[in-house]
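Peer 1: Please find work16.cif (mmCIF, C-alpha atoms and all ligand atoms) on the next line:
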```cif
data_protein
#
loop_
_atom_site.label_atom_id
_atom_site.label_comp_id
_atom_site.auth_asym_id
_atom_site.auth_seq_id
_atom_site.Cartn_x
_atom_site.Cartn_y
_atom_site.Cartn_z
CA MET I 501 37.71 9.04 11.52
CA ASN I 502 36.69 11.16 14.56
CA ALA I 503 33.60 13.37 14.64
CA ILE I 504 35.49 16.62 13.87
CA SER I 505 37.29 15.26 10.84
CA ARG I 506 34.04 13.63 9.59
CA LEU I 507 32.37 17.04 9.78
CA ALA I 508 35.34 18.65 8.02
CA THR I 509 35.00 16.13 5.18
CA VAL I 510 31.31 16.88 4.84
CA ILE I 511 32.00 20.62 4.73
CA SER I 512 34.72 20.31 2.14
CA LEU I 513 32.59 17.98 0.00
CA ALA I 514 29.74 20.45 0.30
CA SER I 515 31.97 23.22 -1.02
CA LEU I 516 32.94 21.03 -3.95
CA PHE I 517 29.30 20.23 -4.72
CA PRO I 518 27.15 23.20 -3.69
CA LEU I 519 23.47 22.30 -3.28
CA SER I 520 22.41 24.48 -6.18
CA ALA I 521 24.72 22.56 -8.49
CA LEU I 522 23.29 19.24 -7.30
CA ALA I 523 19.74 20.47 -7.80
CA ALA I 524 20.55 21.72 -11.30
CA ASP I 525 21.53 18.19 -12.28
CA SER I 526 17.98 17.00 -11.78
CA LYS I 527 15.38 17.79 -14.43
CA GLY I 528 12.64 17.73 -11.79
CA SER I 529 11.53 15.58 -8.93
CA VAL I 530 8.68 13.30 -8.06
CA GLU I 531 7.62 12.10 -4.65
CA VAL I 532 5.90 8.73 -4.70
CA VAL I 533 3.73 7.57 -1.80
CA HIS I 534 3.38 3.78 -1.76
CA TRP I 535 3.39 0.84 0.65
CA TRP I 536 5.85 -1.47 -1.04
CA THR I 537 8.25 -2.04 1.84
CA SER I 538 8.77 -5.81 2.16
CA GLY I 539 12.01 -7.20 0.74
CA GLY I 540 10.38 -8.43 -2.48
CA GLU I 541 8.18 -5.35 -2.91
CA LYS I 542 11.13 -3.03 -2.42
CA ALA I 543 13.12 -4.89 -5.06
CA ALA I 544 10.20 -4.28 -7.44
CA VAL I 545 9.72 -0.57 -6.74
CA ASP I 546 13.46 0.01 -6.95
CA VAL I 547 13.22 -0.88 -10.65
CA LEU I 548 10.92 2.09 -11.22
CA LYS I 549 13.04 4.39 -9.11
CA ALA I 550 16.20 3.42 -11.01
CA GLN I 551 14.60 4.10 -14.38
CA VAL I 552 13.18 7.48 -13.34
CA GLU I 553 16.59 8.47 -11.98
CA LYS I 554 18.31 7.23 -15.13
CA ASP I 555 16.04 9.58 -17.06
CA GLY I 556 17.47 12.46 -15.02
CA PHE I 557 14.74 13.01 -12.44
CA THR I 558 14.91 12.88 -8.65
CA TRP I 559 12.84 10.20 -6.91
CA LYS I 560 11.64 11.09 -3.42
CA ASP I 561 10.57 7.96 -1.68
CA GLY I 562 7.32 8.35 0.25
CA ALA I 563 7.06 4.73 1.43
CA VAL I 564 4.61 4.17 4.29
CA ALA I 565 4.93 0.68 5.78
CA GLY I 566 1.85 -1.49 6.25
CA GLY I 567 0.62 -4.22 3.91
CA GLY I 568 -2.65 -3.56 2.12
CA GLY I 569 -1.99 0.18 2.36
CA SER I 570 -4.46 1.45 4.94
CA THR I 571 -1.75 3.37 6.82
CA ALA I 572 -0.49 4.83 3.55
CA MET I 573 -4.03 5.96 2.70
CA THR I 574 -4.41 7.67 6.09
CA VAL I 575 -1.11 9.51 5.58
CA LEU I 576 -2.14 10.49 2.05
CA LYS I 577 -5.46 11.91 3.22
CA SER I 578 -3.91 14.00 5.95
CA ARG I 579 -1.30 15.33 3.54
CA ALA I 580 -4.00 16.22 1.03
CA VAL I 581 -6.04 18.00 3.72
CA ALA I 582 -2.91 19.93 4.75
CA GLY I 583 -2.47 21.04 1.12
CA ASN I 584 0.71 19.04 0.69
CA PRO I 585 -0.04 15.99 -1.49
CA PRO I 586 2.84 14.14 -3.17
CA GLY I 587 3.28 14.14 -6.97
CA VAL I 588 2.26 10.51 -7.27
CA ALA I 589 0.54 8.02 -4.95
CA GLN I 590 -0.50 4.41 -5.03
CA ILE I 591 -4.31 4.57 -5.19
CA LYS I 592 -6.53 1.79 -6.47
CA GLY I 593 -9.95 0.85 -7.79
CA PRO I 594 -13.06 2.89 -6.97
CA ASP I 595 -11.00 5.03 -4.63
CA ILE I 596 -9.47 6.64 -7.74
CA GLN I 597 -12.93 7.97 -8.59
CA GLU I 598 -13.31 9.40 -5.08
CA TRP I 599 -9.95 11.14 -5.32
CA GLY I 600 -10.86 12.30 -8.84
CA SER I 601 -14.00 13.96 -7.52
CA THR I 602 -11.96 16.03 -5.03
CA GLY I 603 -10.30 17.75 -7.99
CA LEU I 604 -6.84 16.99 -6.59
CA LEU I 605 -5.82 14.52 -9.30
CA SER I 606 -4.61 15.90 -12.59
CA THR I 607 -6.69 15.16 -15.68
CA ASP I 608 -4.11 16.89 -17.94
CA THR I 609 -0.70 15.56 -16.96
CA LEU I 610 -1.11 12.12 -18.52
CA LYS I 611 -2.96 13.20 -21.67
CA ASP I 612 0.00 13.41 -24.05
CA VAL I 613 1.80 10.35 -22.67
CA ALA I 614 -1.35 8.22 -22.88
CA LYS I 615 -1.91 9.30 -26.46
CA ALA I 616 1.69 8.95 -27.61
CA GLU I 617 2.03 5.52 -25.97
CA ASN I 618 -1.44 4.35 -27.11
CA TRP I 619 -2.67 3.39 -23.64
CA ASP I 620 -6.22 2.90 -24.95
CA GLY I 621 -4.88 0.23 -27.31
CA LEU I 622 -2.63 -1.41 -24.72
CA LEU I 623 -5.11 -1.76 -21.87
CA SER I 624 -8.34 -3.72 -21.63
CA PRO I 625 -11.34 -1.39 -21.18
CA LYS I 626 -11.90 -2.79 -17.67
CA VAL I 627 -8.41 -1.71 -16.62
CA ALA I 628 -8.49 1.61 -18.50
CA ASN I 629 -11.83 2.60 -16.96
CA THR I 630 -10.49 1.97 -13.47
CA VAL I 631 -7.72 4.51 -13.93
CA LYS I 632 -9.71 7.14 -15.82
CA TYR I 633 -11.76 9.86 -14.20
CA GLU I 634 -14.53 11.26 -16.40
CA GLY I 635 -12.75 9.93 -19.48
CA ASP I 636 -9.23 11.15 -18.67
CA TYR I 637 -6.36 9.07 -17.32
CA VAL I 638 -5.55 10.19 -13.78
CA ALA I 639 -3.43 7.15 -12.89
CA VAL I 640 -1.14 4.68 -14.59
CA PRO I 641 -1.81 0.98 -13.92
CA VAL I 642 1.39 -0.94 -13.24
CA ASN I 643 0.42 -4.60 -12.85
CA ILE I 644 -2.30 -7.15 -12.14
CA HIS I 645 -2.24 -9.28 -9.00
CA ARG I 646 -4.36 -12.37 -8.47
CA VAL I 647 -5.57 -12.63 -4.90
CA ASN I 648 -7.07 -16.16 -4.70
CA TRP I 649 -3.83 -18.13 -4.44
CA LEU I 650 -2.71 -20.78 -2.00
CA TRP I 651 1.08 -20.97 -1.47
CA ILE I 652 2.52 -24.35 -0.54
CA ASN I 653 5.89 -25.55 0.66
CA PRO I 654 6.07 -29.05 -0.94
CA ALA I 655 8.97 -30.18 1.27
CA VAL I 656 6.81 -29.53 4.34
CA PHE I 657 3.88 -31.31 2.70
CA LYS I 658 6.12 -34.30 2.07
CA LYS I 659 7.30 -34.42 5.68
CA ALA I 660 3.64 -34.35 6.81
CA GLY I 661 2.75 -37.17 4.42
CA ILE I 662 0.65 -35.11 2.00
CA ASP I 663 1.16 -36.03 -1.62
CA LYS I 664 -0.84 -33.39 -3.49
CA ALA I 665 -2.11 -29.85 -3.34
CA PRO I 666 -5.71 -29.63 -2.05
CA THR I 667 -8.39 -28.85 -4.63
CA THR I 668 -11.46 -28.91 -2.36
CA LEU I 669 -12.12 -27.54 1.10
CA GLU I 670 -12.28 -31.12 2.44
CA GLU I 671 -8.81 -31.84 1.05
CA PHE I 672 -7.61 -28.55 2.49
CA TYR I 673 -8.80 -29.53 5.98
CA ALA I 674 -7.29 -33.01 5.61
CA ALA I 675 -3.93 -31.45 4.67
CA GLY I 676 -4.27 -29.01 7.58
CA ASP I 677 -4.85 -31.90 10.02
CA LYS I 678 -1.78 -33.75 8.77
CA LEU I 679 0.40 -30.64 8.98
CA LYS I 680 -0.75 -29.97 12.54
CA ALA I 681 -0.19 -33.60 13.54
CA ALA I 682 3.35 -33.41 12.15
CA GLY I 683 4.06 -30.33 14.30
CA PHE I 684 3.89 -27.63 11.60
CA ILE I 685 1.85 -24.45 11.47
CA ALA I 686 -0.76 -25.56 8.93
CA LEU I 687 -1.69 -22.11 7.63
CA ALA I 688 0.65 -19.15 8.11
CA HIS I 689 -1.29 -15.93 8.62
CA GLY I 690 -0.98 -12.44 9.97
CA GLY I 691 -3.93 -11.27 12.06
CA GLN I 692 -4.46 -7.86 10.48
CA PRO I 693 -7.87 -6.80 9.13
CA TRP I 694 -6.83 -6.75 5.45
CA GLN I 695 -5.24 -10.19 5.72
CA ASP I 696 -8.28 -11.59 7.54
CA SER I 697 -10.50 -10.27 4.75
CA THR I 698 -8.17 -11.64 2.07
CA VAL I 699 -8.90 -15.09 3.53
CA PHE I 700 -12.59 -14.28 3.91
CA GLU I 701 -13.06 -13.29 0.26
CA ASP I 702 -11.32 -16.50 -0.89
CA VAL I 703 -13.77 -18.47 1.22
CA VAL I 704 -16.77 -16.54 -0.13
CA LEU I 705 -15.53 -17.26 -3.65
CA SER I 706 -15.06 -20.95 -2.88
CA VAL I 707 -18.45 -21.41 -1.20
CA MET I 708 -20.60 -19.09 -3.36
CA GLY I 709 -18.78 -19.14 -6.71
CA PRO I 710 -17.97 -16.00 -8.72
CA GLU I 711 -21.65 -15.11 -9.17
CA GLY I 712 -22.38 -15.26 -5.46
CA TYR I 713 -19.14 -13.40 -4.73
CA LYS I 714 -20.22 -10.63 -7.10
CA LYS I 715 -23.71 -10.36 -5.63
CA ALA I 716 -22.34 -10.20 -2.09
CA LEU I 717 -19.08 -8.26 -2.26
CA VAL I 718 -19.41 -6.20 -5.44
CA ASP I 719 -23.15 -5.52 -5.80
CA LEU I 720 -23.54 -5.55 -2.00
CA ASP I 721 -26.93 -7.26 -2.32
CA GLN I 722 -28.51 -7.31 1.14
CA LYS I 723 -30.24 -10.67 0.70
CA THR I 724 -27.03 -12.38 -0.38
CA LEU I 725 -25.01 -10.76 2.39
CA SER I 726 -27.37 -11.99 5.07
CA GLY I 727 -28.35 -15.27 3.37
CA PRO I 728 -27.62 -18.93 4.21
CA GLU I 729 -24.69 -19.21 1.76
CA MET I 730 -22.93 -16.36 3.51
CA ALA I 731 -23.54 -18.09 6.84
CA LYS I 732 -21.96 -21.20 5.30
CA ALA I 733 -18.95 -19.11 4.21
CA PHE I 734 -18.55 -17.90 7.81
CA THR I 735 -18.78 -21.51 9.03
CA GLU I 736 -15.92 -22.49 6.71
CA LEU I 737 -13.98 -19.37 7.69
CA LYS I 738 -14.18 -20.48 11.32
CA LYS I 739 -12.79 -23.91 10.42
CA ILE I 740 -9.95 -22.35 8.43
CA THR I 741 -9.09 -20.02 11.32
CA GLY I 742 -8.51 -23.16 13.40
CA TYR I 743 -5.54 -24.06 11.18
CA MET I 744 -3.79 -20.73 11.74
CA ASP I 745 -1.03 -20.07 14.22
CA PRO I 746 -2.70 -18.81 17.44
CA ASN I 747 0.08 -16.21 17.79
CA ARG I 748 -0.83 -14.52 14.53
CA ALA I 749 -2.11 -11.18 15.92
CA GLY I 750 -0.62 -8.18 14.14
CA ARG I 751 1.90 -10.24 12.16
CA ASP I 752 2.91 -8.78 8.79
CA TRP I 753 2.07 -10.84 5.69
CA ASN I 754 5.72 -11.17 4.67
CA ILE I 755 6.62 -12.60 8.10
CA ALA I 756 3.87 -15.19 7.60
CA ALA I 757 5.29 -15.89 4.10
CA ALA I 758 8.72 -16.34 5.67
CA ASP I 759 7.27 -19.10 7.89
CA VAL I 760 6.25 -21.04 4.77
CA ILE I 761 9.50 -20.29 2.92
CA GLY I 762 11.57 -21.32 5.95
CA GLY I 763 9.67 -24.61 6.42
CA LYS I 764 7.86 -23.75 9.67
CA ALA I 765 4.45 -23.69 8.00
CA GLY I 766 2.86 -25.58 5.13
CA MET I 767 0.56 -23.06 3.44
CA GLN I 768 -0.42 -19.40 3.14
CA MET I 769 -3.53 -17.85 1.60
CA MET I 770 -2.28 -14.64 -0.02
CA GLY I 771 -2.25 -12.72 -3.27
CA ASP I 772 0.68 -13.21 -5.59
CA TRP I 773 2.75 -10.42 -4.07
CA ALA I 774 3.65 -13.29 -1.70
CA LYS I 775 5.66 -14.64 -4.61
CA SER I 776 7.92 -11.58 -4.37
CA GLU I 777 9.18 -12.96 -1.05
CA TRP I 778 9.87 -16.39 -2.57
CA THR I 779 11.69 -14.72 -5.46
CA ALA I 780 13.72 -12.53 -3.11
CA ALA I 781 14.70 -15.74 -1.23
CA LYS I 782 15.87 -17.18 -4.58
CA LYS I 783 13.24 -19.94 -4.62
CA VAL I 784 11.86 -21.34 -7.85
CA ALA I 785 8.15 -21.73 -8.68
CA GLY I 786 7.06 -25.32 -9.30
CA LYS I 787 10.17 -26.65 -7.56
CA ASP I 788 10.67 -24.99 -4.18
CA TYR I 789 7.07 -23.87 -3.88
CA GLN I 790 3.69 -24.38 -5.45
CA CYS I 791 1.03 -21.84 -6.29
CA VAL I 792 -2.50 -23.17 -6.74
CA PRO I 793 -5.84 -21.41 -6.78
CA PHE I 794 -7.45 -21.58 -3.34
CA PRO I 795 -9.53 -24.80 -3.26
CA GLY I 796 -12.85 -24.36 -5.06
CA THR I 797 -11.78 -21.17 -6.87
CA ASP I 798 -9.91 -22.50 -9.90
CA LYS I 799 -12.47 -21.04 -12.31
CA ALA I 800 -12.24 -17.61 -10.76
CA PHE I 801 -9.72 -14.82 -10.53
CA THR I 802 -9.97 -12.05 -7.97
CA TYR I 803 -7.97 -9.20 -9.42
CA ASN I 804 -6.09 -6.39 -7.80
CA ILE I 805 -4.59 -3.76 -10.07
CA ASP I 806 -1.86 -1.58 -8.61
CA SER I 807 -1.89 1.92 -10.01
CA LEU I 808 -0.10 5.18 -9.43
CA ALA I 809 -2.25 8.30 -9.43
CA VAL I 810 -0.96 11.69 -10.45
CA PHE I 811 -1.70 14.80 -8.38
CA LYS I 812 -2.26 18.26 -9.84
CA LEU I 813 0.81 20.49 -9.51
CA LYS I 814 1.09 24.25 -10.05
CA ALA I 815 1.78 24.98 -13.74
CA ASP I 816 5.15 26.59 -12.94
CA ARG I 817 6.51 23.27 -11.60
CA LYS I 818 7.32 22.19 -15.14
CA GLY I 819 10.24 19.92 -14.21
CA ASP I 820 8.16 18.09 -11.60
CA ILE I 821 5.31 17.62 -14.06
CA ALA I 822 7.82 16.22 -16.55
CA ALA I 823 8.97 13.80 -13.82
CA GLN I 824 5.36 12.60 -13.31
CA GLN I 825 5.05 12.07 -17.05
CA ASP I 826 8.34 10.21 -17.27
CA LEU I 827 7.31 7.88 -14.45
CA ALA I 828 4.00 7.13 -16.17
CA LYS I 829 5.68 6.46 -19.48
CA VAL I 830 8.24 4.14 -17.91
CA ALA I 831 5.55 2.29 -15.91
CA LEU I 832 3.70 1.07 -19.00
CA GLY I 833 6.83 0.37 -21.03
CA LYS I 834 7.47 -3.27 -21.95
CA ASP I 835 10.81 -3.59 -20.17
CA PHE I 836 9.54 -2.20 -16.91
CA GLN I 837 6.32 -4.23 -17.07
CA LYS I 838 8.35 -7.38 -17.31
CA VAL I 839 11.02 -6.73 -14.68
CA PHE I 840 8.59 -5.17 -12.21
CA SER I 841 6.10 -8.05 -12.38
CA ILE I 842 8.81 -10.69 -12.16
CA ASN I 843 10.01 -9.06 -8.93
CA LYS I 844 6.53 -8.28 -7.63
CA GLY I 845 4.85 -11.64 -8.33
CA SER I 846 2.20 -10.08 -10.55
CA ILE I 847 1.49 -10.16 -14.28
CA PRO I 848 1.73 -7.25 -16.72
CA VAL I 849 -1.23 -5.04 -17.36
CA ARG I 850 -0.53 -4.71 -21.10
CA THR I 851 -2.75 -7.02 -23.16
CA ASP I 852 -0.03 -7.66 -25.77
CA MET I 853 2.18 -9.12 -23.03
CA LEU I 854 -0.63 -11.05 -21.34
CA ASN I 855 -1.29 -12.79 -24.63
CA ASP I 856 2.30 -13.92 -25.02
CA MET I 857 3.68 -14.73 -21.61
CA SER I 858 5.98 -17.59 -22.65
CA ALA I 859 8.01 -15.20 -24.75
CA GLU I 860 8.38 -12.88 -21.80
CA GLY I 861 10.32 -15.17 -19.45
CA PHE I 862 7.68 -15.48 -16.73
CA ASP I 863 7.51 -18.50 -14.40
CA SER I 864 4.76 -21.13 -14.18
CA CYS I 865 2.70 -19.20 -11.58
CA ALA I 866 2.65 -16.06 -13.72
CA GLN I 867 1.83 -17.99 -16.88
CA ALA I 868 -1.09 -19.73 -15.16
CA SER I 869 -2.25 -16.39 -13.83
CA ALA I 870 -2.25 -14.71 -17.26
CA LYS I 871 -4.03 -17.67 -18.85
CA ASP I 872 -6.72 -17.68 -16.16
CA PHE I 873 -7.09 -13.89 -16.30
CA LEU I 874 -7.86 -14.02 -20.02
CA ALA I 875 -10.13 -17.08 -19.72
CA ASP I 876 -12.04 -15.84 -16.67
CA GLU I 877 -12.63 -12.46 -18.29
CA LYS I 878 -14.92 -14.27 -20.75
CA THR I 879 -16.88 -16.34 -18.22
CA GLY I 880 -17.60 -13.88 -15.43
CA GLY I 881 -14.99 -15.58 -13.24
CA LEU I 882 -12.93 -12.39 -13.19
CA GLN I 883 -13.98 -10.39 -10.12
CA PRO I 884 -12.51 -7.37 -8.32
CA SER I 885 -10.94 -8.04 -4.93
CA MET I 886 -12.90 -6.51 -2.07
CA ALA I 887 -10.02 -6.83 0.40
CA HIS I 888 -7.70 -4.94 -1.97
CA ASN I 889 -9.82 -1.86 -2.64
CA MET I 890 -11.03 -2.96 -6.06
CA ALA I 891 -14.72 -3.63 -5.39
CA THR I 892 -16.20 -1.10 -2.98
CA SER I 893 -15.60 2.28 -1.40
CA LEU I 894 -13.11 2.27 1.46
CA ALA I 895 -15.99 2.99 3.87
CA VAL I 896 -17.84 -0.20 2.90
CA GLN I 897 -14.60 -2.16 2.87
CA GLY I 898 -13.83 -0.93 6.41
CA ALA I 899 -17.26 -2.09 7.60
CA ILE I 900 -16.67 -5.57 6.13
CA PHE I 901 -13.17 -5.73 7.63
CA ASP I 902 -14.56 -5.05 11.12
CA VAL I 903 -17.19 -7.79 10.97
CA VAL I 904 -14.74 -10.34 9.55
CA THR I 905 -11.90 -9.63 11.99
CA ASN I 906 -14.22 -9.61 15.01
CA PHE I 907 -15.64 -12.94 13.84
CA MET I 908 -12.22 -14.51 13.41
CA ASN I 909 -11.04 -13.36 16.83
CA ASP I 910 -14.08 -14.63 18.72
CA LYS I 911 -14.12 -18.39 18.91
CA ASP I 912 -17.73 -18.39 20.08
CA ALA I 913 -18.96 -16.18 17.23
CA ASP I 914 -22.03 -17.46 15.42
CA PRO I 915 -21.87 -17.68 11.58
CA ALA I 916 -25.56 -16.85 11.03
CA LYS I 917 -25.31 -13.81 13.29
CA ALA I 918 -22.12 -12.73 11.50
CA SER I 919 -23.86 -12.70 8.11
CA ALA I 920 -26.72 -10.60 9.52
CA GLN I 921 -24.14 -8.23 11.02
CA LEU I 922 -22.32 -8.06 7.70
CA ALA I 923 -25.47 -7.00 5.87
CA SER I 924 -26.32 -4.26 8.36
CA ALA I 925 -22.74 -2.99 8.60
CA VAL I 926 -22.56 -2.67 4.81
CA LYS I 927 -25.91 -0.87 4.69
CA ALA I 928 -24.80 1.61 7.32
CA ALA I 929 -21.55 2.35 5.47
CA GLN I 930 -23.17 2.93 2.04
C1 LIG I 1001 -1.90 -4.96 -1.94
C2 LIG I 1001 -1.13 -4.34 -3.07
C3 LIG I 1001 0.00 -5.20 -3.42
C4 LIG I 1001 0.81 -5.59 -2.21
C5 LIG I 1001 -0.03 -5.95 -1.01
C6 LIG I 1001 0.72 -6.10 0.29
O1 LIG I 1001 -3.01 -4.17 -1.62
O2 LIG I 1001 -1.96 -4.21 -4.18
O3 LIG I 1001 0.78 -4.54 -4.38
O4 LIG I 1001 1.70 -4.62 -1.95
O5 LIG I 1001 -1.07 -5.04 -0.82
O6 LIG I 1001 1.19 -4.89 0.75
#
```
Spell out the structure here as structure tokens.
Peer 2:
Amino acid sequence: MNAISRLATVISLASLFPLSALAADSKGSVEVVHWWTSGGEKAAVDVLKAQVEKDGFTWKDGAVAGGGGSTAMTVLKSRAVAGNPPGVAQIKGPDIQEWGSTGLLSTDTLKDVAKAENWDGLLSPKVANTVKYEGDYVAVPVNIHRVNWLWINPAVFKKAGIDKAPTTLEEFYAAGDKLKAAGFIALAHGGQPWQDSTVFEDVVLSVMGPEGYKKALVDLDQKTLSGPEMAKAFTELKKITGYMDPNRAGRDWNIAAADVIGGKAGMQMMGDWAKSEWTAAKKVAGKDYQCVPFPGTDKAFTYNIDSLAVFKLKADRKGDIAAQQDLAKVALGKDFQKVFSINKGSIPVRTDMLNDMSAEGFDSCAQASAKDFLADEKTGGLQPSMAHNMATSLAVQGAIFDVVTNFMNDKDADPAKASAQLASAVKAAQ
């Protein structure tokens, strides 16, 4: 078809379906800002989009690429400043409180849905409190990710002569040496600040245990931040960096995951959204790949709860408010919770489902995750992920990111100096 006849077709189709008629078909629309753009993440978010559309609403996709979401957060802030926020945005952890205090999030929109669907009964208080502002729900939590995972390609391990997953840092280094000697990338990684700090927090957890992790990265205790255990964590971090591909700068996390999936690399330290890439590549947990807690962290669970916050809209935008409410209702529904988490690599946020994962059709990684989540909640092993916006303000997180990334990129950096720098950078950002 040439250009003129293509245009003619468009014009005649347009006269058959005038815009007003198309718009009238939609009950309202909702724009969703998020950063789920990898193959596996997109498959997951498409489940939500499809359900919202099935319910008669229009989904406007506000995807902003960039793992970990810092670019999405920058875009969101500038849109809010310009007076043009979306209806819904992916916002997490303490940042929800900061957005709540600006008055831009709606404390009314979710009231009826939360009551009718019994959110208070479905969610653990820890989760519910994260998404409430001054007692009202301002966001809907969609899933729980565990961050402290190590992903392994067992076929690569076999080729390198490694017969089991490492459970201690020593075993991890021994496996890394064998992988290197056999010509593989030992540890796939993308050199971006949030990925560097994902590795860093795993190492802090391994070296200092959940209590030390909490003191340092949640309570931001100055003595712990600058102390000898933190210096030891930096020493181990330096060793681990030596097992990464030297060409890692700027690489996206899903490209690093693809190196492990494709057999170029043996391992990746990443939260369980990495599983979404394995799932999208049709690989099976326990057979094609292994998920184990990062060595030394099996009694701990660093959590990362994805949630979608709801912005205040003018009262006359009734259809769009209904769209926000529909999305929130769908997001906590059992069907969605299951399909979304299976695609995303996470576990559901509903306690009834967490308590009965075998009946829900989840794989071995997800079942282990749910079991550990419930067990670690009782022991203090359950800790919020610093690298994924769950533990501190974004200002403090940014200060930690800078120290960690500079340390990892400077092969002469001194671990004791780095811990002193960490303490002062955190203090300055508080
Ligand atoms: C995390 C987010 C996950 C995943 C990951 C990579 O912060 O919670 O859902 O998308 O970033 O982008």
Peer 1: Excluding Arg850 (chain I) and any residue of its chain fewer than 3 positions from it, enumerate the residues within 6 Å of it, using all atoms listed in the file, and give them as an NGL selection string.
Peer 2: :I and (622-623 or 853)
Peer 1: One decimal, in Å: what's the spacing between CA of Lys783 (chain I) and CA of Val656 (chain I)?
Peer 2: 14.6 Å
Peer 1: Grab me every residue within 10 Å of ligand LIG 1001 (chain I), counting only C-alpha atoms and all ligand atoms, and send it over as an MDAnalysis selection string.
Peer 2: chainID I and resid 534:538 540:542 544 565:570 590:592 642:647 694:695 698 752:754 770:774 776 803:807 844:846 885 887:890
Peer 1: Counting all atoms listed in the file, figure out which residue out of I:Thr574, I:Thr630, I:Asn906, I:Thr892 gets nearest to Gln921 (chain I).
Peer 2: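 Of I:Thr574, I:Thr630, I:Asn906, I:Thr892, the one nearest Gln921 (chain I), counting all atoms listed in the file, is I:Asn906.
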Peer 1: At what distance in Å, to one decimal, does CA of Gln768 (chain I) lie from CA of Ile652 (chain I)?
Peer 2: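 Interatomic distance here is 6.8 Å.
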Peer 1: By how many Å are CA of Gly796 (chain I) and CA of Val704 (chain I) apart?
Peer 2: 10.0 Å
Peer 1: With only C-alpha atoms as the atoms that count, which of I:Trp778, I:Thr741, I:Gly661, I:Gly676 lies nearest to Asp759 (chain I)?
Peer 2: I:Trp778
Peer 1: Can you check which parts of region 736-834 of chain I lie within 7 Å of region 869-878 of chain I? Per residue, the shortest pair of atoms and distance in Å to one decimal, counting all atoms listed in the file, sorted by chain and number, as JSON lines.
Peer 2:
```
{"residue": "I:Lys799", "atom": "CA", "partner": "I:Asp876", "partner_atom": "CA", "distance": 6.8}
{"residue": "I:Ala800", "atom": "CA", "partner": "I:Asp876", "partner_atom": "CA", "distance": 6.2}
{"residue": "I:Phe801", "atom": "CA", "partner": "I:Phe873", "partner_atom": "CA", "distance": 6.4}
```
Peer 1: Mind checking which residues fall within 10 Å of Ala628 (chain I), counting all atoms listed in the file, ignoring those fewer than 3 positions away in the same chain, and posting them as a list of chain:residue names?
Peer 2: I:Trp619, I:Asp620, I:Gly621, I:Leu622, I:Leu623, I:Ser624, I:Pro625, I:Val631, I:Lys632, I:Tyr633, I:Gly635, I:Asp636, I:Tyr637, I:Ala639, I:Val640, I:Pro641, I:Val849
Peer 1: Smallest atom-to-atom distance to Phe734 (chain I): which of I:Phe840, I:Trp651, I:Phe700, I:Phe811, using all atoms listed in the file?
Peer 2: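 Result for the nearest residue to Phe734 (chain I): I:Phe700.
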Peer 1: Calculated over all atoms listed in the file, which of the candidates I:Val547, I:Leu737, I:Ala815, I:Ile847 has the smallest distance to Lys911 (chain I)?
Peer 2: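 Comparing I:Val547, I:Leu737, I:Ala815, I:Ile847 against Lys911 (chain I), the winner is I:Leu737.
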Peer 1: What residues have an atom no more than 8 Å from (-7.5, -17.3, -3.2) in the file's own frame, counting only C-alpha atoms, and can you write them as a PyMOL selection string?
Peer 2: chain I and resi 646-650+698-699+701-703+769-771+793-795+797+802
Peer 1: Those same residues, written as a PDB file, in the coordinates of the input with C-alpha atoms?
Peer 2:
```pdb
ATOM      1  CA  ARG I 646      -4.360 -12.370  -8.470  1.00  0.00           C
ATOM      2  CA  VAL I 647      -5.570 -12.630  -4.900  1.00  0.00           C
ATOM      3  CA  ASN I 648      -7.070 -16.160  -4.700  1.00  0.00           C
ATOM      4  CA  TRP I 649      -3.830 -18.130  -4.440  1.00  0.00           C
ATOM      5  CA  LEU I 650      -2.710 -20.780  -2.000  1.00  0.00           C
ATOM      6  CA  THR I 698      -8.170 -11.640   2.070  1.00  0.00           C
ATOM      7  CA  VAL I 699      -8.900 -15.090   3.530  1.00  0.00           C
ATOM      8  CA  GLU I 701     -13.060 -13.290   0.260  1.00  0.00           C
ATOM      9  CA  ASP I 702     -11.320 -16.500  -0.890  1.00  0.00           C
ATOM     10  CA  VAL I 703     -13.770 -18.470   1.220  1.00  0.00           C
ATOM     11  CA  MET I 769      -3.530 -17.850   1.600  1.00  0.00           C
ATOM     12  CA  MET I 770      -2.280 -14.640  -0.020  1.00  0.00           C
ATOM     13  CA  GLY I 771      -2.250 -12.720  -3.270  1.00  0.00           C
ATOM     14  CA  PRO I 793      -5.840 -21.410  -6.780  1.00  0.00           C
ATOM     15  CA  PHE I 794      -7.450 -21.580  -3.340  1.00  0.00           C
ATOM     16  CA  PRO I 795      -9.530 -24.800  -3.260  1.00  0.00           C
ATOM     17  CA  THR I 797     -11.780 -21.170  -6.870  1.00  0.00           C
ATOM     18  CA  THR I 802      -9.970 -12.050  -7.970  1.00  0.00           C
TER      19      THR I 802
END
```
Peer 1: I'd like to know which of I:Gly603, I:Gly861, I:Pro848, I:Pro654 is closest to Ala675 (chain I), using all atoms listed in the file.
Peer 2: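 Ranked by minimum distance to Ala675 (chain I), first place goes to I:Pro654.
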Peer 1: Measuring between all atoms listed in the file, which one of I:Glu671, I:Glu634, I:Asp788, I:Asp745 shows the shortest distance to Gly762 (chain I)?
Peer 2: I:Asp788
Peer 1: Compile the contact shell of Val810 (chain I) as a ChimeraX atom specification: residues with an atom at most 8 Å away, counting all atoms listed in the file, same-chain residues fewer than 3 positions apart removed.
Peer 2: /I:587-589,605-606,609,638-639,824
Peer 1: Return the padded bounding box of region 689-697 of chain I as JSON: axis-aligned, built from all atoms listed in the file, 8 Å added on each side, with centre and edge lengths in Å to one decimal.
Peer 2:
```
{"center_x": -5.7, "center_y": -11.3, "center_z": 8.4, "size_x": 25.5, "size_y": 25.2, "size_z": 23.3}
```
